[in-house]
Structure formats: C-alpha cells, structure tokens
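Trainee: Structure: target08.pdb, PDB, C-alpha atoms.
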ATOM      1  CA  MET C   1     -37.531  -5.874 -14.129
ATOM      2  CA  ASP C   2     -35.429  -8.500 -12.335
ATOM      3  CA  GLU C   3     -32.436 -10.020 -14.082
ATOM      4  CA  GLN C   4     -33.078 -13.181 -16.080
ATOM      5  CA  ARG C   5     -30.515 -15.999 -16.197
ATOM      6  CA  LEU C   6     -30.093 -19.054 -18.421
ATOM      7  CA  VAL C   7     -27.428 -21.710 -17.815
ATOM      8  CA  ILE C   8     -26.497 -24.182 -20.575
ATOM      9  CA  GLY C   9     -24.119 -27.098 -20.075
ATOM     10  CA  ASN C  10     -21.834 -28.990 -22.471
ATOM     11  CA  VAL C  11     -21.344 -26.056 -24.833
ATOM     12  CA  LEU C  12     -18.362 -26.422 -27.175
ATOM     13  CA  TRP C  13     -15.987 -23.494 -27.631
ATOM     14  CA  ASP C  14     -17.010 -22.890 -31.243
ATOM     15  CA  GLU C  15     -20.665 -22.972 -30.214
ATOM     16  CA  TYR C  16     -19.949 -20.365 -27.551
ATOM     17  CA  LEU C  17     -18.240 -18.157 -30.146
ATOM     18  CA  THR C  18     -21.224 -18.421 -32.473
ATOM     19  CA  ILE C  19     -23.689 -17.499 -29.725
ATOM     20  CA  ASN C  20     -21.457 -14.778 -28.306
ATOM     21  CA  ASP C  21     -20.842 -13.129 -31.662
ATOM     22  CA  ALA C  22     -24.537 -13.235 -32.505
ATOM     23  CA  PHE C  23     -25.171 -10.938 -29.556
ATOM     24  CA  ASP C  24     -22.164  -8.686 -30.234
ATOM     25  CA  GLU C  25     -22.741  -5.185 -28.828
ATOM     26  CA  ARG C  26     -26.389  -5.919 -28.042
ATOM     27  CA  ALA C  27     -27.265  -4.047 -24.860
ATOM     28  CA  GLY C  28     -28.431  -5.945 -21.822
ATOM     29  CA  VAL C  29     -27.009  -9.417 -22.560
ATOM     30  CA  ARG C  30     -23.974 -10.842 -20.787
ATOM     31  CA  MET C  31     -22.324 -14.244 -21.195
ATOM     32  CA  ILE C  32     -19.910 -16.152 -18.992
ATOM     33  CA  TYR C  33     -18.257 -19.243 -20.449
ATOM     34  CA  CYS C  34     -15.995 -21.619 -18.538
ATOM     35  CA  ASP C  35     -15.247 -25.296 -19.232
ATOM     36  CA  GLY C  36     -18.334 -25.827 -21.369
ATOM     37  CA  LYS C  37     -20.770 -24.059 -19.066
ATOM     38  CA  LEU C  38     -22.436 -21.006 -20.606
ATOM     39  CA  THR C  39     -24.405 -18.549 -18.487
ATOM     40  CA  ILE C  40     -26.479 -15.949 -20.309
ATOM     41  CA  SER C  41     -28.017 -13.145 -18.267
ATOM     42  CA  SER C  42     -29.963  -9.975 -18.880
ATOM     43  CA  GLY C  43     -29.300  -6.773 -17.006
ATOM     44  CA  SER C  44     -31.510  -4.483 -14.939
ATOM     45  CA  ARG C  45     -31.433  -0.768 -14.408
ATOM     46  CA  ARG C  46     -30.175  -1.305 -10.855
ATOM     47  CA  HIS C  47     -27.299  -3.388 -12.170
ATOM     48  CA  GLU C  48     -26.449  -0.907 -14.915
ATOM     49  CA  TRP C  49     -26.621   2.098 -12.594
ATOM     50  CA  LEU C  50     -24.191   0.543 -10.146
ATOM     51  CA  ALA C  51     -21.806  -0.528 -12.908
ATOM     52  CA  LYS C  52     -21.757   2.994 -14.372
ATOM     53  CA  CYS C  53     -21.159   4.680 -11.013
ATOM     54  CA  LEU C  54     -18.371   2.275 -10.113
ATOM     55  CA  GLY C  55     -16.755   3.034 -13.457
ATOM     56  CA  TYR C  56     -16.951   6.776 -12.815
ATOM     57  CA  PHE C  57     -15.435   6.185  -9.391
ATOM     58  CA  VAL C  58     -12.435   4.217 -10.703
ATOM     59  CA  MET C  59     -11.701   6.800 -13.390
ATOM     60  CA  ALA C  60     -11.913   9.710 -10.934
ATOM     61  CA  VAL C  61      -9.492   8.142  -8.478
ATOM     62  CA  ALA C  62      -7.032   7.051 -11.177
ATOM     63  CA  GLY C  63      -7.118  10.529 -12.666
ATOM     64  CA  ALA C  64      -6.361  12.135  -9.314
ATOM     65  CA  LEU C  65      -3.298   9.933  -8.987
ATOM     66  CA  GLY C  66      -2.065  10.733 -12.460
ATOM     67  CA  LEU C  67      -2.345   7.007 -13.169
ATOM     68  CA  GLU C  68      -2.941   6.153 -16.808
ATOM     69  CA  CYS C  69      -6.289   4.351 -17.015
ATOM     70  CA  GLU C  70      -8.238   3.067 -20.003
ATOM     71  CA  PRO C  71     -11.736   1.607 -19.509
ATOM     72  CA  SER C  72     -13.012  -1.221 -21.689
ATOM     73  CA  GLY C  73     -16.490  -1.251 -20.172
ATOM     74  CA  LYS C  74     -18.323  -4.477 -21.003
ATOM     75  CA  ALA C  75     -16.043  -5.603 -23.801
ATOM     76  CA  THR C  76     -15.718  -9.352 -24.334
ATOM     77  CA  PHE C  77     -12.540 -11.050 -23.127
ATOM     78  CA  ARG C  78     -11.983 -14.679 -24.112
ATOM     79  CA  ARG C  79      -9.160 -17.129 -24.756
ATOM     80  CA  ARG C  80      -9.627 -20.544 -26.330
ATOM     81  CA  GLN C  81      -6.644 -22.099 -24.562
ATOM     82  CA  LYS C  82      -8.112 -21.092 -21.191
ATOM     83  CA  GLU C  83     -11.629 -22.293 -22.066
ATOM     84  CA  ALA C  84     -12.980 -19.051 -20.633
ATOM     85  CA  GLY C  85     -14.690 -15.919 -21.868
ATOM     86  CA  LEU C  86     -16.974 -13.209 -20.516
ATOM     87  CA  GLU C  87     -18.026  -9.572 -20.405
ATOM     88  CA  GLY C  88     -17.398  -7.717 -17.151
ATOM     89  CA  ASP C  89     -19.544  -5.049 -15.539
ATOM     90  CA  GLY C  90     -16.515  -2.782 -15.794
ATOM     91  CA  THR C  91     -12.928  -3.442 -16.898
ATOM     92  CA  PHE C  92      -9.838  -1.254 -16.737
ATOM     93  CA  HIS C  93      -6.204  -1.254 -17.852
ATOM     94  CA  PHE C  94      -3.666   0.788 -15.883
ATOM     95  CA  GLY C  95      -0.160   2.131 -16.499
ATOM     96  CA  ALA C  96       1.721   0.611 -19.424
ATOM     97  CA  ASN C  97      -1.233  -1.631 -20.275
ATOM     98  CA  ALA C  98      -3.456   1.445 -20.486
ATOM     99  CA  GLU C  99      -1.006   3.097 -22.873
ATOM    100  CA  ARG C 100      -1.188   0.014 -25.062
ATOM    101  CA  MET C 101      -4.993   0.035 -25.039
ATOM    102  CA  ARG C 102      -5.376   3.779 -25.554
ATOM    103  CA  GLY C 103      -7.883   5.115 -28.053
ATOM    104  CA  ILE C 104     -10.501   3.661 -30.363
ATOM    105  CA  ARG C 105      -9.379   0.112 -31.021
ATOM    106  CA  ASN C 106     -10.722  -3.382 -30.574
ATOM    107  CA  TYR C 107      -9.246  -5.931 -28.209
ATOM    108  CA  ASP C 108      -6.980  -8.623 -29.655
ATOM    109  CA  PHE C 109      -7.850 -11.775 -27.699
ATOM    110  CA  GLU C 110      -4.504 -13.424 -28.417
ATOM    111  CA  GLU C 111      -2.083 -10.493 -28.108
ATOM    112  CA  ASP C 112      -3.416  -7.826 -25.737
ATOM    113  CA  PRO C 113      -3.073  -7.994 -21.936
ATOM    114  CA  PRO C 114      -6.098  -8.887 -19.808
ATOM    115  CA  PRO C 115      -7.697  -6.077 -17.809
ATOM    116  CA  ASP C 116      -5.843  -5.104 -14.652
ATOM    117  CA  LEU C 117      -9.122  -4.626 -12.809
ATOM    118  CA  ALA C 118     -12.560  -6.155 -13.355
ATOM    119  CA  VAL C 119     -15.642  -4.968 -11.467
ATOM    120  CA  GLU C 120     -18.467  -7.399 -10.738
ATOM    121  CA  VAL C 121     -21.881  -6.169  -9.584
ATOM    122  CA  GLU C 122     -23.902  -8.853  -7.799
ATOM    123  CA  VAL C 123     -27.625  -8.099  -7.825
ATOM    124  CA  THR C 124     -29.633 -11.314  -8.232
ATOM    125  CA  ASN C 125     -26.886 -13.930  -8.571
ATOM    126  CA  PRO C 126     -23.366 -14.220  -7.132
ATOM    127  CA  ALA C 127     -20.407 -13.598  -9.427
ATOM    128  CA  ASP C 128     -18.697 -16.917  -8.624
ATOM    129  CA  ASP C 129     -18.608 -18.135 -12.248
ATOM    130  CA  ALA C 130     -17.248 -14.802 -13.430
ATOM    131  CA  ILE C 131     -14.521 -14.906 -10.782
ATOM    132  CA  VAL C 132     -13.361 -18.308 -12.030
ATOM    133  CA  ALA C 133     -13.271 -17.012 -15.597
ATOM    134  CA  TRP C 134     -11.323 -13.878 -14.658
ATOM    135  CA  GLY C 135      -8.810 -16.076 -12.864
ATOM    136  CA  ARG C 136      -8.400 -18.198 -15.992
ATOM    137  CA  LEU C 137      -7.782 -15.053 -18.034
ATOM    138  CA  GLY C 138      -5.152 -13.725 -15.612
ATOM    139  CA  VAL C 139      -6.890 -10.598 -14.272
ATOM    140  CA  PRO C 140      -4.882  -9.421 -11.228
ATOM    141  CA  GLU C 141      -7.701  -7.704  -9.322
ATOM    142  CA  VAL C 142     -11.487  -8.030  -9.033
ATOM    143  CA  TRP C 143     -13.938  -5.888  -7.089
ATOM    144  CA  ARG C 144     -17.192  -7.526  -6.008
ATOM    145  CA  PHE C 145     -20.060  -5.178  -5.185
ATOM    146  CA  ASP C 146     -23.104  -6.732  -3.498
ATOM    147  CA  ALA C 147     -26.132  -4.624  -4.409
ATOM    148  CA  ALA C 148     -28.446  -6.266  -1.876
ATOM    149  CA  ILE C 149     -26.496  -5.238   1.218
ATOM    150  CA  LEU C 150     -24.283  -2.505  -0.302
ATOM    151  CA  THR C 151     -20.892  -4.003   0.424
ATOM    152  CA  CYS C 152     -17.713  -4.023  -1.644
ATOM    153  CA  SER C 153     -14.764  -6.398  -1.419
ATOM    154  CA  PHE C 154     -11.362  -6.395  -3.125
ATOM    155  CA  TRP C 155      -9.825  -9.627  -4.423
ATOM    156  CA  ASN C 156      -6.290 -10.283  -5.707
ATOM    157  CA  ARG C 157      -5.352 -13.188  -7.949
ATOM    158  CA  SER C 158      -3.000 -15.868  -6.638
ATOM    159  CA  ASP C 159      -0.540 -17.824  -8.773
ATOM    160  CA  ASP C 160      -2.981 -20.746  -9.042
ATOM    161  CA  GLY C 161      -5.674 -18.507 -10.571
ATOM    162  CA  THR C 162      -7.871 -18.275  -7.474
ATOM    163  CA  TYR C 163      -8.588 -15.031  -5.634
ATOM    164  CA  GLU C 164      -7.847 -13.963  -2.077
ATOM    165  CA  GLN C 165      -9.769 -11.173  -0.368
ATOM    166  CA  VAL C 166      -7.598  -8.197   0.602
ATOM    167  CA  THR C 167      -8.125  -4.974   2.525
ATOM    168  CA  ARG C 168      -6.652  -2.600  -0.061
ATOM    169  CA  SER C 169      -6.876  -2.310  -3.816
ATOM    170  CA  LEU C 170      -3.833  -3.544  -5.725
ATOM    171  CA  PHE C 171      -3.689  -0.695  -8.240
ATOM    172  CA  LEU C 172      -5.558   2.013  -6.289
ATOM    173  CA  SER C 173      -4.013   1.112  -2.985
ATOM    174  CA  MET C 174      -5.099   4.195  -1.053
ATOM    175  CA  LEU C 175      -8.670   2.910  -1.258
ATOM    176  CA  ASP C 176     -10.565   0.878   1.303
ATOM    177  CA  PRO C 177     -13.721  -1.018   0.289
ATOM    178  CA  SER C 178     -15.653   1.314   2.597
ATOM    179  CA  ASP C 179     -14.640   4.247   0.375
ATOM    180  CA  VAL C 180     -16.419   2.638  -2.567
ATOM    181  CA  VAL C 181     -19.579   1.935  -0.575
ATOM    182  CA  ASP C 182     -19.651   5.429   0.917
ATOM    183  CA  GLN C 183     -19.459   7.029  -2.519
ATOM    184  CA  ILE C 184     -22.157   4.796  -3.996
ATOM    185  CA  ARG C 185     -24.413   5.768  -1.088
ATOM    186  CA  ARG C 186     -23.536   9.388  -1.807
ATOM    187  CA  ALA C 187     -24.517   8.934  -5.457
ATOM    188  CA  GLN C 188     -27.882   7.564  -4.333
ATOM    189  CA  GLU C 189     -28.467  10.532  -2.044
ATOM    190  CA  LEU C 190     -27.409  13.281  -4.447
ATOM    191  CA  GLY C 191     -28.302  11.790  -7.810
ATOM    192  CA  THR C 192     -25.638  10.702 -10.261
ATOM    193  CA  SER C 193     -24.853  14.022 -11.953
ATOM    194  CA  LYS C 194     -24.523  16.006  -8.714
ATOM    195  CA  TRP C 195     -22.462  13.226  -7.167
ATOM    196  CA  TYR C 196     -20.179  13.100 -10.182
ATOM    197  CA  VAL C 197     -19.476  16.823  -9.887
ATOM    198  CA  GLN C 198     -18.478  16.546  -6.223
ATOM    199  CA  LEU C 199     -16.480  13.355  -6.744
ATOM    200  CA  GLY C 200     -13.412  15.345  -7.736
ATOM    201  CA  GLU C 201     -13.650  17.348  -4.508
ATOM    202  CA  TRP C 202     -13.822  14.144  -2.476
ATOM    203  CA  VAL C 203     -10.751  12.771  -4.224
ATOM    204  CA  ARG C 204      -8.911  16.039  -3.562
ATOM    205  CA  ASP C 205      -9.922  16.272   0.108
ATOM    206  CA  VAL C 206      -9.753  12.590   1.098
ATOM    207  CA  ILE C 207      -7.659  10.601  -1.356
ATOM    208  CA  ARG C 208      -4.908  13.114  -2.142
ATOM    209  CA  PRO C 209      -3.909  13.514   1.528
ATOM    210  CA  ARG C 210      -3.471   9.747   1.759
ATOM    211  CA  LEU C 211      -1.294   9.875  -1.337
ATOM    212  CA  ASP C 212       0.765  12.705   0.132
ATOM    213  CA  ARG C 213       1.334  10.632   3.262
ATOM    214  CA  GLY C 214       2.899   7.927   1.119
ATOM    215  CA  VAL C 215       0.177   5.288   1.461
ATOM    216  CA  TYR C 216       0.004   4.769  -2.293
ATOM    217  CA  TYR C 217       3.738   4.503  -2.876
ATOM    218  CA  LEU C 218       4.187   2.103   0.028
ATOM    219  CA  ALA C 219       1.587  -0.239  -1.452
ATOM    220  CA  ILE C 220       3.166  -0.087  -4.915
ATOM    221  CA  ASN C 221       6.536  -1.017  -3.440
ATOM    222  CA  GLU C 222       4.964  -3.962  -1.639
ATOM    223  CA  VAL C 223       3.398  -5.207  -4.868
ATOM    224  CA  ALA C 224       6.679  -4.785  -6.735
TER     225      ALA C 224
END
Here is the file; what I need is its structure written in the form of structure tokens.
Mentor:
Amino acid sequence: MDEQRLVIGNVLWDEYLTINDAFDERAGVRMIYCDGKLTISSGSRRHEWLAKCLGYFVMAVAGALGLECEPSGKATFRRRQKEAGLEGDGTFHFGANAERMRGIRNYDFEEDPPPDLAVEVEVTNPADDAIVAWGRLGVPEVWRFDAAILTCSFWNRSDDGTYEQVTRSLFLSMLDPSDVVDQIRRAQELGTSKWYVQLGEWVRDVIRPRLDRGVYYLAINEVA
C-alpha cells in the first residue's frame, strides 16, 4: 500500500505533544512538526525495508572502524524552544555521544545531544520538512535516500541550520554516496539476510583499505 500523508496547519506545541504522545510507539505512524505545521504519514513496506537496510549498513561500517555507534531508530526528537519535533527513518549517535546514549534508556529531550546522523528515506514525498526540523534540532549530518531512482546524497549542517550537499560523509568519511546505493542494490539482489552476512566482507575488502590509506583520518582532521 502507498504511503498516506496528512498535513495540518496552525497546530500549537501542546496540541502536537498530545497527538504525538497518543501515537507513542505505534508502528507505521510518523510525525514531523515545525512552526505549527504537523505532517502525519504512514509507512509502507518499501519504506521500512530501505530504512532497515540503511541502518544495518551504518552499523556495519561504524563497527569496522571501531567507532562507537548507538542507534535510536525511529525515536522521537523534539524541543519546544526550537518549535520542531519528528521521528527519523534512522538515527545514530557516534563517539562520545554514543557512549552517553548507550544501553536501554529513553531520550531526554532537554539534556541529551541530538543524533549525529539522521537518515531520511524518500518514497512518495520529499523529506524537505524533515530536513528543516533536523536543522532546528542541530543534527550535523543527514542522508537522503530517494527510493524512486535509487540515489543517496549526504548533507552537512551549516551554522544557520540549513544543509549543504557534500561528497563524503561527515562521520563515516571513507564513504561515497555511491557506496550506499551499491549496497542497497546488492541487498535487493541477494535478499536481506544473505546481503547482511556478506556486508562484513565488503567492509573488510573495500572500506578497510581506504581506512588504511588514511582517508578516514584525513577527513576527521578536516572536520576538527
């Protein structure tokens, strides 16, 4: 079934909280709130499959690097003072932020850091509203995956909260967007479980040599 989408204007923050909490942990419903505009959408299997595979991909690459990584999946992130809140298709904390978010714990909207990476899967509708919300919340990096044409793009947050497209991932800087697309195509060809098994081999044979050549460390120094 195709994704369904409902957009409501002039929604107060407290009204958003009431609606959002009413659907807490209910599968298949996602909300994006920004400046009084509330978008409610249902998922599809295509959307969910891509989100899961992209999550597996991020975790496999981070693990190969020895980079601490904690996924938060589709947890809600929202801040009243930013007038923004949403659930991502995949969210991840890295490094020291991952250590802070380790284990079975809920997210503290006022105290905990925003995700370092948010993944947005675009199937029926573009992720423009979500990108604005992530910028409000201070997320450094967003990946946008277009399901219709199988393309991936990396976006880094600027100081003004907008995003600029870049050629390499901020936190997984040995990756090109083409790597992501190639592996999603591979998952389609092999089936998810077989692809997942060989993903570690791909990281070892393709990603580790890039790391050994210093590509990763060079990018980290540039960010620093």
Trainee: What's the separation between atom CA of C:Arg5 and atom CA of C:Ile32, in Å to one decimal place?
Mentor: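 We find that atom CA of C:Arg5 and atom CA of C:Ile32 lie 11.0 Å from each other.
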Trainee: Written as a list in words, which residues does the PyMOL selection byres ((chain C and resi 166) around 9) give for the file shown?
Mentor: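 This file gives the following for the PyMOL selection byres ((chain C and resi 166) around 9): Ser153, Phe154, Trp155, Asn156, Glu164, Gln165, Thr167, Arg168, Ser169 and Leu170 of chain C.
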Trainee: I'd like the residues picked by the PyMOL selection byres ((chain C and resi 16) around 12) written out as a compact mmCIF listing (two decimals) with C-alpha atoms, in the coordinates of the input, using the chain letters and numbers from the file.
Mentor:
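Output contents, as saved in selection06.txt:
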# COMPACT_ATOMS: atom_id res chain seq x y z
CA ILE C 8 -26.50 -24.18 -20.58
CA GLY C 9 -24.12 -27.10 -20.08
CA ASN C 10 -21.83 -28.99 -22.47
CA VAL C 11 -21.34 -26.06 -24.83
CA LEU C 12 -18.36 -26.42 -27.18
CA TRP C 13 -15.99 -23.49 -27.63
CA ASP C 14 -17.01 -22.89 -31.24
CA GLU C 15 -20.66 -22.97 -30.21
CA LEU C 17 -18.24 -18.16 -30.15
CA THR C 18 -21.22 -18.42 -32.47
CA ILE C 19 -23.69 -17.50 -29.72
CA ASN C 20 -21.46 -14.78 -28.31
CA ASP C 21 -20.84 -13.13 -31.66
CA ALA C 22 -24.54 -13.24 -32.51
CA PHE C 23 -25.17 -10.94 -29.56
CA MET C 31 -22.32 -14.24 -21.20
CA ILE C 32 -19.91 -16.15 -18.99
CA TYR C 33 -18.26 -19.24 -20.45
CA CYS C 34 -16.00 -21.62 -18.54
CA ASP C 35 -15.25 -25.30 -19.23
CA GLY C 36 -18.33 -25.83 -21.37
CA LYS C 37 -20.77 -24.06 -19.07
CA LEU C 38 -22.44 -21.01 -20.61
CA THR C 39 -24.40 -18.55 -18.49
CA ILE C 40 -26.48 -15.95 -20.31
CA ARG C 78 -11.98 -14.68 -24.11
CA ARG C 79 -9.16 -17.13 -24.76
CA ARG C 80 -9.63 -20.54 -26.33
CA GLU C 83 -11.63 -22.29 -22.07
CA ALA C 84 -12.98 -19.05 -20.63
CA GLY C 85 -14.69 -15.92 -21.87
CA LEU C 86 -16.97 -13.21 -20.52
Trainee: Give me, please, the distance in Å between atom CA of C:Asp212 and atom CA of C:Met174, quoted to one decimal.
Mentor: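 Atom-to-atom, atom CA of C:Asp212 to atom CA of C:Met174, that is 10.4 Å.
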Trainee: What does the distance from atom CA of C:Leu175 to atom CA of C:Val206 come to in Å, to one decimal?
Mentor: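 Separation of atom CA of C:Leu175 and atom CA of C:Val206: 10.0 Å.
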Trainee: Using only C-alpha atoms, which protein or nucleic acid residues come within 12 Å of C:Gly200? Drop anything in the same chain fewer than 4 positions from it, and give the result as an NGL selection string.
Mentor: :C and (56-65 or 183 or 194-196 or 204-208)
Trainee: Excluding same-chain residues fewer than 3 positions from C:Leu54, what lies within 12 Å of it counting only C-alpha atoms, as a VMD selection string?
Mentor: chain C and resid 47 to 51 57 to 61 71 73 89 to 92 117 to 121 143 to 145 147 152 177 179 to 185 187 192 196 199
Trainee: Selected by the PyMOL selection byres ((chain C and resi 42) around 6) in the shown coordinates: which residues, as a ChimeraX atom specification?
Mentor: /C:3-4,28-29,41,43
Trainee: Give the answer as one residue: which of C:Gly135, C:Phe94, C:Thr162, C:Ala75 has the shortest atom-to-atom distance to C:Asn106, using only C-alpha atoms?
Mentor: C:Ala75
Trainee: Tell me, as a PyMOL selection string, which residues lie within 12 Å of C:Met101, counting all atoms listed in the file; anything in the same chain fewer than 3 positions away does not count.
Mentor: chain C and resi 68-72+91-98+104-108+111-116
Trainee: Measuring atom to atom with only C-alpha atoms, identify which of C:Glu110, C:Glu189, C:Asp176, C:Asp128 is nearest to C:Arg210.
Mentor: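 Checking each of C:Glu110, C:Glu189, C:Asp176, C:Asp128 against C:Arg210, counting only C-alpha atoms, the winner is C:Asp176.
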Trainee: From the options C:Lys82, C:Phe171, C:Ser178, C:Leu150, which residue's atoms come nearest to C:Trp134, counting all atoms listed in the file?
Mentor: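 Ranking C:Lys82, C:Phe171, C:Ser178, C:Leu150 by distance to C:Trp134, first place goes to C:Lys82.
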Trainee: Around all listed atoms of stretch 42-58 of chain C, padded 8 Å per side, what centre and edge lengths does the axis-aligned box have in Å to one decimal, as lines of an AutoDock Vina configuration file?
Mentor:
center_x = -22.0
center_y = -1.6
center_z = -14.1
size_x = 35.1
size_y = 32.8
size_z = 25.5
Trainee: So that I can see what lies close to C:Asp160, please list as a ChimeraX atom specification the residues with an atom at most 10 Å from it, counting all atoms listed in the file and leaving out residues fewer than 2 positions away in the same chain.
Mentor: /C:135-136,138,157-158,162-163
Trainee: Can you work out which one of C:Phe77, C:Thr151, C:Thr124, C:Cys53 has the shortest atom-to-atom distance to C:Gly191, counting only C-alpha atoms?
Mentor: C:Cys53
Trainee: Point out the residue among C:Leu172, C:Leu211, C:Leu190, C:Gly88 with the least atom-to-atom distance to C:Val139, counting all atoms listed in the file.
Mentor: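 Checking each candidate against C:Val139, we get C:Gly88 as the closest.
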